[in-house]
Amino acid sequence: MWPVLPSGQLNEEFDWPIEGLLLPNSPPMKKPIHKAPEQYVPVRLRVLRNGDKNKARAHIIISPDISPGRKMQCTEILNLPSAARRLFNEKGKEIFTLKELQRDELVYVSCGEHWINPDLSIAQQKKQIFLRNLASDISKIQTFCSMHKIEALVLEVQSDIVSGAKLAVRKPIFGKEKQIIEPEEKQMQKNALTSENASSEILDSHARAHLRMKACHTLLRYAWQEPSHNFDETDSLPKKMEDELFENMEPEKKYSHSPKQSKLQKLCHQQFEYRDGQIISYAAPHLVLGVRGPNLRSGVEVVLVEKKADDSHQRWMRKEDSRTFHLVSNPDLVLAVSMTKARDEVCGYPVIAQKYNPHNNGASNQKWNYMKSTKAFMAFHSTSLDKEITAANYAGVCTSSVTREEKVDQPGYYYLSPSGKKKAMLCLACGQSVRAEKGLEQLLPGLPFLCASASETQKPFSRGPFKVIDVAKTDLSSREAENTLSYYEEHLLSLRMKTCTQVVSHCGMAVTNQKAVKIIAYKNGDGYRNGKLIVAGTFPMLLTECTEQLGLARAASKIYTKDGTTISSLRNLVLWAMDESFIQRDSEEPKEEADPVGTKEIPVKRNSRMKVKTKSSPKSVTSDSLDGIDPSLLTLILRNPIAIWVSCGEPFLSPNALKKAEKIEKQNWLKKDKILADLDVMKHKMRQLKGRRVAACQPATMVPNKSPVQLVVVEGGWTEQTQEEIKLLDLIRHTEAHLSEVQELQSKRNSLIAPKCIAFKQSNLYKQPNAKRVWIYLNGGRLEDGTYAWGKTISELLNDCSSRLKLAHPARALYTPDGEPIHSWDDVERDMVICVSTGRSFRTQRELKQLVEIRANYARICRQQGPQATDIMLSPSTKLHSLVPSRAEFLAEPS
């Protein structure tokens with residue numbers, strides 16, 4: 001999703017604040033010439049504002065789909081404060097398509113907020129909205145607290161050191177006292193150590209044996225056997241690093257169990273060198289940091305690329321005063337750390353090329369410190385104030401809560417009062433929150449200011465980017481940020497408990513005597529992973545806790561048990577748990593029949609089970625009351641937590657099926673790992689046999705031969721493979737063929753399973769069509785004049801071709817560049833070149849030119865000599881007429 005210009009091109013130079021809609025998979029800006037067939041049947045609906053009780057105020061609209069235009073119509077009819085974004089039915093279920101709706105069905109329209117139950121009172125609705133807004137504000141403060149104290153992070157390669165590998169910043173491998181702030185003298189002393197001493201300290205005995213064998217056979221290598229490297233003379237590494245890194249790259253997988261060696265390998269991912277305007281990987285000097293693609297924009301990822309001397313996309317200009325690295329091909333882009341994505345402890349923050357921020361504060365993610373002694377690039381090399389302002393900008397928190405009354409140089413906006421005399425300045429977060437109300441202008445760097453939201457006189461901005469919390473009363477300084485967060489979290493928890501208690505008491509439920517139920521909640525589709533222990537006394541409280549602790553994107557609406565049973569109240573959940581325990585004990589009945597004590601206890605449990613069912617029958621289905629259940633049985637059931645799976649509305653995914661699929665996948669991976677291990681052992685043995693044969697240098701045997709062509713035959717010798725090597729080579733080829741078959745089966749299995757899992761896990765909002773992109777050009781035209789087109793079927797592709805090529809008549813036929821017609825969608829492949837025709841047969845560009853020349857000659861002759869010049873009659877010549885016998889002569893001729 002990205003803003004576009006009226007011409008349809010991406011607006012790469014836009015700047016916030018910006019107001020508008022970002023639409024994924026939006027239709028083309030220019031309408032096609034012909035109308036596409038209607039895919040939806042118009043539906044008449046009754047729309048009502050979210051939370052409105054009076055159904056008589058419902059308006060009637062007729063809509064074929066949930067397009068932005070129809071939602072705009074709802075916005076105007078219902079007089080909403082902002083654009084309509086979400087639709088709900090009477091039960092609170094969100095609507096994504098109108099196929100399942102009936103005629104004159106009531107639909108609630110929301111501006112983006114969650115569904116508000118109209119059955120609740122206005123006071124209760126306001127309390128729910130207040131709690132949601134408070135939770136949204138606290139989430140911003142939580143994001144700020146997790147980012148404002150960023151520890152020491154260094155540049156690192158995420159995966160293997162190969163071309164195209166992505167980069168990130170993570171914690172250093174070794175401690176600060178050993179690696180990061182180590183004196184340069186100690187580094188020089190370490191580099192002076194010999195390769196033999198270094199290998200003995202780091203590698204194990206097996207790896208040292210490999211080094212000794214390679215050292216013994218170095219003199220026996222021929223010139224063509226020496227490895228060739230296309231490195232410059234200045235790219236040579238120290239002797240210690242050559243011995244420790246390059247010599248041990250081959251046995252890395254075999255001897256990764258050594259902890260010292262694994263640390264050394266991880267250290268290679270964090271070592272870089274800045275030389276001649278390039279940031280070079282210390283472990284692989286032929287790889288440098290760069291960006292790909294001719295069209296550079298802010299936010300493009302920085303990856304490892306092949307080193308090229310004339311490529312400006314991989315050269316960086318270092319500026320000591322600003323502590324930034326600017327891209328030579330575009331100096332406005334600098335090396336930066338992306339903070340828009342949630343931080344992953346495994347991968348860290350990704351590294352991107354970002355637009356340069358000239359302000360003194362608010363751009364700590366663009367400041368680096370290159371430590372030449374340790375070959376490390378330290379990120380966030382700036383003051384604590386700069387880091388806090390940067391974290392506040394990315395978390396959406398007003399900077400006045402961080403700086404209190406101090407004016408700082410930071411990015412922001414300003415607007416003039418109606419009289420034009422007063423000038424109010426806002427930070428980034430506050431400016432984005434009021435961008436639709438005021439005409440804001442961007443502030444220039446070098447102007448320290450305090451955000452107007454902290455001023456008591458600025459009442460319209462007293463909340464700033466928050467919805468409930470007051471900015472002036474929120475202290476997010478270095479010492480008080482965590483205390484403020486804990487205070488608001490406790491306040492939110494107490495308000496939720498009070499609200500749940502009031503709702504339950506309003507519905508006539510006995511809250512005081514309600515027993516709490518221990519539950520282990522899992523996210524639907526995650527199986528038995530990441531379970532959270534929740535203690536709840538009411539069903540609404542359970543849904544709220546599940547939404548918060550499981551980190552769901554939307555409010556939890558459905559709860560399932562392990563067999564797929566939908567639960568609507570705590571009473572139903574307890575009854576299901578009791579039935580499940582009775583079923584398990586009934587299945588164990590044959591084992592207990594031999595025990596006389598057990599045979600006496602089973603009928604009692606069955607009677608109590610029947611007693612529970614008879615008592616619970618008159619109760620309400622959705623009631624959370626546990627009255628009427630035997631206290632001893634209830635205590636026994638509630639002793640252990642009950643497992644549930646929480647959903648936001650999507651169907652149930654069985655945890656046993658997921659566990660079985662994971663088990664099968666694990667077995668396949670173990671099988672593949674065993675084959676790879678056996679293959680490595682055989683290749684290792686093959687190298688040993690070859691090395692022994694070459695090292696022996698046995699001369700060949702001259703055997704006399706009776707053939708007059710070759711009297712002597714040469715057999716054996718160190719250049720000829722032995723029978724053991726030949727058998728081992730055949731075994732290696734057989735194992736590699738078996739490995740390729742296993743990988744092919746695994747890839748096919750994953751391709752069949754992955755779409756099903758994605759279809760279940762992803763909601764309708766994030767479903768993407770399985771379309772194919774092809775390159776199209778007009779029949780008889782040039783291939784270079786074509787463009788891209790998309791479609792999921794032949795008909796959709798033809799419609800898109802008519803729109804993309806701006807045809808006067810709709811496209812009707814598709815051909816390959818060789819002239820073969822395309823009738824099936826299976827014949828269309830991604831990025832395929834296709835010729836589009838409006839109905840004529842296939843023509844090449846040469847044939848079209850000949851046809852044009854014929855028509856031009858015809859028109860030219862008609863214009864010069866008149867229309868009679870083209871009236872030509874053909875008659876046979878006299879010679880041919882005399883040579884052809886007449887019919888009588890032909891009949892008279894004897895046979």
# chains A, B, ... in the order shown; residues from 1 in each chain; ligands from 1

$ residues_around --residues "A:Tyr777" --least-positions-apart "4" --cutoff "8 Å" --atoms "only C-alpha atoms" --output "ChimeraX atom specification"
/A:781-787,805,834-836

$ write_last_selection --atoms "all heavy atoms" --output "PDB file, in the first residue's frame"
ATOM      1  N   GLY A 781       2.161  -5.882 -33.098  1.00  0.00           N
ATOM      2  CA  GLY A 781       2.983  -4.805 -32.567  1.00  0.00           C
ATOM      3  C   GLY A 781       4.330  -5.297 -32.085  1.00  0.00           C
ATOM      4  O   GLY A 781       4.696  -6.470 -32.228  1.00  0.00           O
ATOM      5  N   ARG A 782       5.063  -4.378 -31.491  1.00  0.00           N
ATOM      6  CA  ARG A 782       6.397  -4.708 -30.979  1.00  0.00           C
ATOM      7  C   ARG A 782       6.302  -5.197 -29.535  1.00  0.00           C
ATOM      8  O   ARG A 782       5.427  -4.769 -28.778  1.00  0.00           O
ATOM      9  CB  ARG A 782       7.313  -3.492 -31.046  1.00  0.00           C
ATOM     10  CG  ARG A 782       7.596  -2.990 -32.456  1.00  0.00           C
ATOM     11  CD  ARG A 782       8.680  -1.938 -32.437  1.00  0.00           C
ATOM     12  NE  ARG A 782       8.360  -0.863 -31.512  1.00  0.00           N
ATOM     13  CZ  ARG A 782       9.220   0.102 -31.169  1.00  0.00           C
ATOM     14  NH1 ARG A 782      10.452   0.093 -31.672  1.00  0.00           N
ATOM     15  NH2 ARG A 782       8.861   1.069 -30.352  1.00  0.00           N
ATOM     16  N   LEU A 783       7.225  -6.071 -29.179  1.00  0.00           N
ATOM     17  CA  LEU A 783       7.243  -6.613 -27.825  1.00  0.00           C
ATOM     18  C   LEU A 783       7.597  -5.533 -26.805  1.00  0.00           C
ATOM     19  O   LEU A 783       7.122  -5.539 -25.675  1.00  0.00           O
ATOM     20  CB  LEU A 783       8.251  -7.774 -27.749  1.00  0.00           C
ATOM     21  CG  LEU A 783       8.370  -8.497 -26.399  1.00  0.00           C
ATOM     22  CD1 LEU A 783       7.068  -9.182 -26.054  1.00  0.00           C
ATOM     23  CD2 LEU A 783       9.500  -9.506 -26.439  1.00  0.00           C
ATOM     24  N   GLU A 784       8.413  -4.553 -27.216  1.00  0.00           N
ATOM     25  CA  GLU A 784       8.859  -3.517 -26.286  1.00  0.00           C
ATOM     26  C   GLU A 784       7.738  -2.549 -25.926  1.00  0.00           C
ATOM     27  O   GLU A 784       7.811  -1.860 -24.900  1.00  0.00           O
ATOM     28  CB  GLU A 784      10.033  -2.727 -26.873  1.00  0.00           C
ATOM     29  CG  GLU A 784      11.300  -3.554 -27.076  1.00  0.00           C
ATOM     30  CD  GLU A 784      11.224  -4.405 -28.348  1.00  0.00           C
ATOM     31  OE1 GLU A 784      10.267  -4.209 -29.135  1.00  0.00           O
ATOM     32  OE2 GLU A 784      12.120  -5.248 -28.550  1.00  0.00           O
ATOM     33  N   ASP A 785       6.692  -2.479 -26.745  1.00  0.00           N
ATOM     34  CA  ASP A 785       5.595  -1.550 -26.491  1.00  0.00           C
ATOM     35  C   ASP A 785       4.524  -2.144 -25.586  1.00  0.00           C
ATOM     36  O   ASP A 785       3.463  -1.524 -25.414  1.00  0.00           O
ATOM     37  CB  ASP A 785       4.948  -1.127 -27.818  1.00  0.00           C
ATOM     38  CG  ASP A 785       5.924  -0.385 -28.710  1.00  0.00           C
ATOM     39  OD1 ASP A 785       6.897   0.190 -28.168  1.00  0.00           O
ATOM     40  OD2 ASP A 785       5.738  -0.388 -29.943  1.00  0.00           O
ATOM     41  N   GLY A 786       4.761  -3.292 -25.018  1.00  0.00           N
ATOM     42  CA  GLY A 786       3.757  -3.941 -24.185  1.00  0.00           C
ATOM     43  C   GLY A 786       3.775  -3.445 -22.754  1.00  0.00           C
ATOM     44  O   GLY A 786       4.482  -2.487 -22.393  1.00  0.00           O
ATOM     45  N   THR A 787       3.008  -4.093 -21.923  1.00  0.00           N
ATOM     46  CA  THR A 787       2.900  -3.747 -20.515  1.00  0.00           C
ATOM     47  C   THR A 787       2.500  -4.991 -19.735  1.00  0.00           C
ATOM     48  O   THR A 787       2.259  -6.061 -20.319  1.00  0.00           O
ATOM     49  CB  THR A 787       1.874  -2.634 -20.297  1.00  0.00           C
ATOM     50  OG1 THR A 787       1.849  -2.288 -18.907  1.00  0.00           O
ATOM     51  CG2 THR A 787       0.487  -3.074 -20.728  1.00  0.00           C
ATOM     52  N   LEU A 805      -4.031  -2.025 -22.517  1.00  0.00           N
ATOM     53  CA  LEU A 805      -3.601  -1.650 -23.865  1.00  0.00           C
ATOM     54  C   LEU A 805      -4.501  -0.594 -24.503  1.00  0.00           C
ATOM     55  O   LEU A 805      -4.211  -0.156 -25.619  1.00  0.00           O
ATOM     56  CB  LEU A 805      -3.559  -2.892 -24.763  1.00  0.00           C
ATOM     57  CG  LEU A 805      -2.544  -3.970 -24.369  1.00  0.00           C
ATOM     58  CD1 LEU A 805      -2.660  -5.176 -25.285  1.00  0.00           C
ATOM     59  CD2 LEU A 805      -1.126  -3.409 -24.415  1.00  0.00           C
ATOM     60  N   ILE A 834       2.675 -12.747 -23.853  1.00  0.00           N
ATOM     61  CA  ILE A 834       1.429 -13.122 -24.523  1.00  0.00           C
ATOM     62  C   ILE A 834       1.067 -12.041 -25.526  1.00  0.00           C
ATOM     63  O   ILE A 834       1.176 -10.839 -25.238  1.00  0.00           O
ATOM     64  CB  ILE A 834       0.285 -13.317 -23.502  1.00  0.00           C
ATOM     65  CG1 ILE A 834       0.589 -14.509 -22.585  1.00  0.00           C
ATOM     66  CG2 ILE A 834      -1.055 -13.516 -24.192  1.00  0.00           C
ATOM     67  CD1 ILE A 834      -0.463 -14.750 -21.544  1.00  0.00           C
ATOM     68  N   CYS A 835       0.612 -12.485 -26.712  1.00  0.00           N
ATOM     69  CA  CYS A 835       0.123 -11.593 -27.754  1.00  0.00           C
ATOM     70  C   CYS A 835      -1.400 -11.515 -27.645  1.00  0.00           C
ATOM     71  O   CYS A 835      -2.082 -12.534 -27.562  1.00  0.00           O
ATOM     72  CB  CYS A 835       0.549 -12.095 -29.130  1.00  0.00           C
ATOM     73  SG  CYS A 835      -0.104 -11.127 -30.505  1.00  0.00           S
ATOM     74  N   VAL A 836      -1.944 -10.297 -27.647  1.00  0.00           N
ATOM     75  CA  VAL A 836      -3.367 -10.064 -27.453  1.00  0.00           C
ATOM     76  C   VAL A 836      -3.980  -9.615 -28.772  1.00  0.00           C
ATOM     77  O   VAL A 836      -3.451  -8.712 -29.450  1.00  0.00           O
ATOM     78  CB  VAL A 836      -3.607  -9.001 -26.361  1.00  0.00           C
ATOM     79  CG1 VAL A 836      -5.094  -8.789 -26.135  1.00  0.00           C
ATOM     80  CG2 VAL A 836      -2.927  -9.418 -25.069  1.00  0.00           C
TER      81      VAL A 836
END

$ residues_around --residues "A:Lys523" --least-positions-apart "6" --cutoff "10 Å" --atoms "only C-alpha atoms" --output "PDB file with N, CA, C and O atoms, in the first residue's frame"
ATOM      1  N   ARG A 529       0.821 -24.599  21.641  1.00  0.00           N
ATOM      2  CA  ARG A 529       1.948 -23.692  21.852  1.00  0.00           C
ATOM      3  C   ARG A 529       1.464 -22.383  22.478  1.00  0.00           C
ATOM      4  O   ARG A 529       0.371 -21.908  22.179  1.00  0.00           O
ATOM      5  N   ASN A 530       2.330 -21.802  23.322  1.00  0.00           N
ATOM      6  CA  ASN A 530       2.121 -20.464  23.898  1.00  0.00           C
ATOM      7  C   ASN A 530       0.788 -20.365  24.645  1.00  0.00           C
ATOM      8  O   ASN A 530      -0.013 -19.461  24.423  1.00  0.00           O
ATOM      9  N   GLY A 531       0.546 -21.319  25.527  1.00  0.00           N
ATOM     10  CA  GLY A 531      -0.666 -21.270  26.333  1.00  0.00           C
ATOM     11  C   GLY A 531      -0.543 -20.284  27.482  1.00  0.00           C
ATOM     12  O   GLY A 531       0.541 -20.088  28.050  1.00  0.00           O
ATOM     13  N   LYS A 532      -1.653 -19.628  27.821  1.00  0.00           N
ATOM     14  CA  LYS A 532      -1.691 -18.645  28.899  1.00  0.00           C
ATOM     15  C   LYS A 532      -2.693 -19.109  29.957  1.00  0.00           C
ATOM     16  O   LYS A 532      -3.815 -19.503  29.646  1.00  0.00           O
ATOM     17  N   CYS A 546      -8.469 -13.135  27.457  1.00  0.00           N
ATOM     18  CA  CYS A 546      -7.902 -13.859  26.315  1.00  0.00           C
ATOM     19  C   CYS A 546      -7.407 -12.898  25.245  1.00  0.00           C
ATOM     20  O   CYS A 546      -6.342 -13.095  24.654  1.00  0.00           O
ATOM     21  N   THR A 547      -8.175 -11.852  24.966  1.00  0.00           N
ATOM     22  CA  THR A 547      -7.759 -10.865  23.965  1.00  0.00           C
ATOM     23  C   THR A 547      -6.465 -10.185  24.364  1.00  0.00           C
ATOM     24  O   THR A 547      -5.575  -9.964  23.534  1.00  0.00           O
ATOM     25  N   LEU A 550      -3.302 -13.111  24.979  1.00  0.00           N
ATOM     26  CA  LEU A 550      -2.876 -13.783  23.752  1.00  0.00           C
ATOM     27  C   LEU A 550      -2.445 -12.813  22.671  1.00  0.00           C
ATOM     28  O   LEU A 550      -1.936 -13.239  21.631  1.00  0.00           O
ATOM     29  N   GLY A 551      -2.649 -11.514  22.876  1.00  0.00           N
ATOM     30  CA  GLY A 551      -2.234 -10.516  21.901  1.00  0.00           C
ATOM     31  C   GLY A 551      -2.971 -10.624  20.583  1.00  0.00           C
ATOM     32  O   GLY A 551      -2.355 -10.540  19.513  1.00  0.00           O
ATOM     33  N   LEU A 552      -4.301 -10.808  20.636  1.00  0.00           N
ATOM     34  CA  LEU A 552      -5.090 -10.955  19.424  1.00  0.00           C
ATOM     35  C   LEU A 552      -5.236  -9.621  18.719  1.00  0.00           C
ATOM     36  O   LEU A 552      -5.270  -8.554  19.347  1.00  0.00           O
ATOM     37  N   ALA A 556     -11.639 -11.177  21.076  1.00  0.00           N
ATOM     38  CA  ALA A 556     -12.019 -12.590  21.036  1.00  0.00           C
ATOM     39  C   ALA A 556     -13.539 -12.718  21.040  1.00  0.00           C
ATOM     40  O   ALA A 556     -14.224 -12.046  21.820  1.00  0.00           O
ATOM     41  N   ILE A 559     -14.976 -19.306  21.510  1.00  0.00           N
ATOM     42  CA  ILE A 559     -14.124 -20.175  22.312  1.00  0.00           C
ATOM     43  C   ILE A 559     -14.495 -21.615  21.984  1.00  0.00           C
ATOM     44  O   ILE A 559     -15.674 -21.977  21.955  1.00  0.00           O
ATOM     45  N   ILE A 644      -8.742 -24.401  26.385  1.00  0.00           N
ATOM     46  CA  ILE A 644      -9.648 -23.831  25.386  1.00  0.00           C
ATOM     47  C   ILE A 644      -8.816 -23.203  24.271  1.00  0.00           C
ATOM     48  O   ILE A 644      -7.620 -22.935  24.444  1.00  0.00           O
ATOM     49  N   TRP A 645      -9.472 -22.987  23.135  1.00  0.00           N
ATOM     50  CA  TRP A 645      -8.838 -22.341  21.986  1.00  0.00           C
ATOM     51  C   TRP A 645      -9.690 -21.142  21.595  1.00  0.00           C
ATOM     52  O   TRP A 645     -10.907 -21.273  21.371  1.00  0.00           O
ATOM     53  N   VAL A 646      -9.046 -19.975  21.520  1.00  0.00           N
ATOM     54  CA  VAL A 646      -9.734 -18.702  21.353  1.00  0.00           C
ATOM     55  C   VAL A 646      -9.638 -18.271  19.899  1.00  0.00           C
ATOM     56  O   VAL A 646      -8.567 -18.365  19.273  1.00  0.00           O
ATOM     57  N   SER A 647     -10.751 -17.768  19.372  1.00  0.00           N
ATOM     58  CA  SER A 647     -10.835 -17.342  17.976  1.00  0.00           C
ATOM     59  C   SER A 647     -11.464 -15.954  17.911  1.00  0.00           C
ATOM     60  O   SER A 647     -12.257 -15.576  18.774  1.00  0.00           O
ATOM     61  N   CYS A 648     -11.105 -15.208  16.873  1.00  0.00           N
ATOM     62  CA  CYS A 648     -11.703 -13.893  16.616  1.00  0.00           C
ATOM     63  C   CYS A 648     -12.872 -13.983  15.649  1.00  0.00           C
ATOM     64  O   CYS A 648     -13.318 -12.958  15.127  1.00  0.00           O
ATOM     65  N   LEU A 653      -9.647 -24.827  14.278  1.00  0.00           N
ATOM     66  CA  LEU A 653      -8.562 -25.630  13.719  1.00  0.00           C
ATOM     67  C   LEU A 653      -8.145 -26.635  14.782  1.00  0.00           C
ATOM     68  O   LEU A 653      -7.710 -26.259  15.874  1.00  0.00           O
TER      69      LEU A 653
END

$ closest_residue --among "A:Ser569, A:Ser82, A:Ser841, A:Gln410" --to "A:Cys451" --atoms "only C-alpha atoms"
A:Gln410

$ residues_around --residues "A:Thr474" --least-positions-apart "6" --cutoff "9 Å" --atoms "only C-alpha atoms" --output "PDB file with C-alpha atoms, in the first residue's frame"
ATOM      1  CA  SER A 401       5.856  13.958  28.096  1.00  0.00           C
ATOM      2  CA  VAL A 402       9.504  12.947  27.687  1.00  0.00           C
ATOM      3  CA  ALA A 481       8.420   6.035  32.420  1.00  0.00           C
ATOM      4  CA  THR A 484       3.803   5.693  34.832  1.00  0.00           C
TER       5      THR A 484
END

$ select_by_dssp --residues "stretch 316-491 of chain A" --states "strand (DSSP E or B)" --output "PyMOL selection string"
chain A and resi 316-319+324-327+333-337+344+348-355+368-371+376-379+408+412-416+423-427+441-442+449

$ residues_around --residues "stretch 305-309 of chain A" --least-positions-apart "2" --cutoff "9 Å" --atoms "only C-alpha atoms" --output "list in words"
Val162, Ser163, Gly164, Ala165, Gln278, Ile280, Pro285, His286, Leu287, Val288, Leu289, Gly290, Val291, Arg292, Val303, Asp311, Ser312, Gln314 and Arg315 of chain A

$ write_last_selection --atoms "N, CA, C and O atoms" --output "short mmCIF file (atom, residue, chain, number, x, y, z; two decimals), in the first residue's frame"
data_model
loop_
_atom_site.label_atom_id
_atom_site.label_comp_id
_atom_site.auth_asym_id
_atom_site.auth_seq_id
_atom_site.Cartn_x
_atom_site.Cartn_y
_atom_site.Cartn_z
N VAL A 162 26.15 -14.65 2.37
CA VAL A 162 26.07 -14.86 0.93
C VAL A 162 25.47 -13.61 0.31
O VAL A 162 24.95 -12.72 1.00
N SER A 163 25.54 -13.52 -1.00
CA SER A 163 24.96 -12.39 -1.71
C SER A 163 23.44 -12.39 -1.56
O SER A 163 22.79 -13.40 -1.75
N GLY A 164 22.89 -11.25 -1.18
CA GLY A 164 21.46 -11.12 -0.97
C GLY A 164 21.03 -11.29 0.48
O GLY A 164 19.84 -11.15 0.77
N ALA A 165 21.95 -11.59 1.38
CA ALA A 165 21.59 -11.77 2.79
C ALA A 165 21.18 -10.42 3.39
O ALA A 165 21.78 -9.39 3.13
N GLN A 278 33.40 1.80 1.03
CA GLN A 278 32.57 0.61 1.04
C GLN A 278 32.61 -0.04 2.42
O GLN A 278 33.65 -0.02 3.10
N ILE A 280 32.64 -3.41 3.99
CA ILE A 280 33.01 -4.74 3.52
C ILE A 280 32.85 -5.74 4.65
O ILE A 280 33.20 -5.47 5.80
N PRO A 285 35.38 -10.78 1.98
CA PRO A 285 35.70 -9.45 1.43
C PRO A 285 35.10 -9.18 0.06
O PRO A 285 35.10 -8.02 -0.37
N HIS A 286 34.58 -10.19 -0.64
CA HIS A 286 33.96 -9.93 -1.93
C HIS A 286 32.50 -9.49 -1.79
O HIS A 286 31.84 -9.25 -2.81
N LEU A 287 31.98 -9.37 -0.55
CA LEU A 287 30.62 -8.93 -0.31
C LEU A 287 30.63 -7.62 0.46
O LEU A 287 31.40 -7.48 1.43
N VAL A 288 29.81 -6.66 0.03
CA VAL A 288 29.74 -5.35 0.66
C VAL A 288 28.27 -4.99 0.87
O VAL A 288 27.37 -5.63 0.32
N LEU A 289 28.04 -3.93 1.66
CA LEU A 289 26.69 -3.45 1.91
C LEU A 289 26.24 -2.59 0.74
O LEU A 289 26.98 -1.71 0.29
N GLY A 290 25.02 -2.82 0.27
CA GLY A 290 24.48 -2.04 -0.83
C GLY A 290 22.98 -2.21 -0.93
O GLY A 290 22.35 -2.93 -0.16
N VAL A 291 22.39 -1.50 -1.88
CA VAL A 291 20.96 -1.58 -2.16
C VAL A 291 20.78 -2.02 -3.60
O VAL A 291 21.64 -1.81 -4.44
N ARG A 292 19.63 -2.62 -3.86
CA ARG A 292 19.34 -3.14 -5.19
C ARG A 292 18.23 -2.33 -5.82
O ARG A 292 17.37 -1.78 -5.14
N VAL A 303 21.28 -4.90 1.80
CA VAL A 303 21.65 -6.32 1.76
C VAL A 303 23.12 -6.42 1.37
O VAL A 303 23.77 -5.44 1.00
N ASP A 311 30.06 0.63 -8.93
CA ASP A 311 28.66 0.66 -8.54
C ASP A 311 28.49 1.66 -7.41
O ASP A 311 29.02 1.47 -6.30
N SER A 312 27.74 2.75 -7.67
CA SER A 312 27.53 3.78 -6.64
C SER A 312 26.46 3.38 -5.64
O SER A 312 26.29 4.06 -4.63
N GLN A 314 26.58 0.84 -3.81
CA GLN A 314 27.22 0.14 -2.69
C GLN A 314 28.35 0.95 -2.09
O GLN A 314 29.20 0.41 -1.41
N ARG A 315 28.36 2.24 -2.35
CA ARG A 315 29.36 3.13 -1.78
C ARG A 315 28.68 4.08 -0.81
O ARG A 315 27.62 4.64 -1.10
#

$ atom_distance --atom1 "atom CA of A:Met378" --atom2 "atom CA of A:Phe272"
10.9 Å

$ closest_residue --among "A:Asn857, A:Asp871, A:Asp137, A:Ser568" --to "A:Gly464" --atoms "only C-alpha atoms"
A:Asp137

$ residues_around --residues "A:Ala657" --least-positions-apart "4" --cutoff "12 Å" --atoms "only C-alpha atoms" --output "number ranges by chain"
A: 525-528, 562-564, 652-653, 661-664, 757

$ write_last_selection --atoms "C-alpha atoms" --output "PDB file, in the first residue's frame"
ATOM      1  CA  GLY A 525      -4.403 -22.489  14.951  1.00  0.00           C
ATOM      2  CA  ASP A 526      -1.357 -22.578  17.280  1.00  0.00           C
ATOM      3  CA  GLY A 527      -2.073 -26.026  18.679  1.00  0.00           C
ATOM      4  CA  TYR A 528      -0.621 -26.502  22.148  1.00  0.00           C
ATOM      5  CA  LYS A 562     -10.317 -29.615  21.901  1.00  0.00           C
ATOM      6  CA  ASP A 563     -13.121 -31.508  20.121  1.00  0.00           C
ATOM      7  CA  GLY A 564     -14.425 -28.346  18.386  1.00  0.00           C
ATOM      8  CA  PHE A 652     -11.920 -24.037  14.553  1.00  0.00           C
ATOM      9  CA  LEU A 653      -8.562 -25.630  13.719  1.00  0.00           C
ATOM     10  CA  ALA A 661       1.183 -32.638  10.752  1.00  0.00           C
ATOM     11  CA  GLU A 662       4.097 -31.184  12.742  1.00  0.00           C
ATOM     12  CA  LYS A 663       5.139 -34.677  13.832  1.00  0.00           C
ATOM     13  CA  ILE A 664       5.135 -35.933  10.240  1.00  0.00           C
ATOM     14  CA  CYS A 757      -3.228 -23.503   6.326  1.00  0.00           C
TER      15      CYS A 757
END

$ residues_around --residues "A:Ala869" --least-positions-apart "4" --cutoff "12 Å" --atoms "only C-alpha atoms" --output "ChimeraX atom specification"
/A:857-865,873

$ atom_distance --atom1 "atom CA of A:Lys367" --atom2 "atom CA of A:Phe466"
29.1 Å
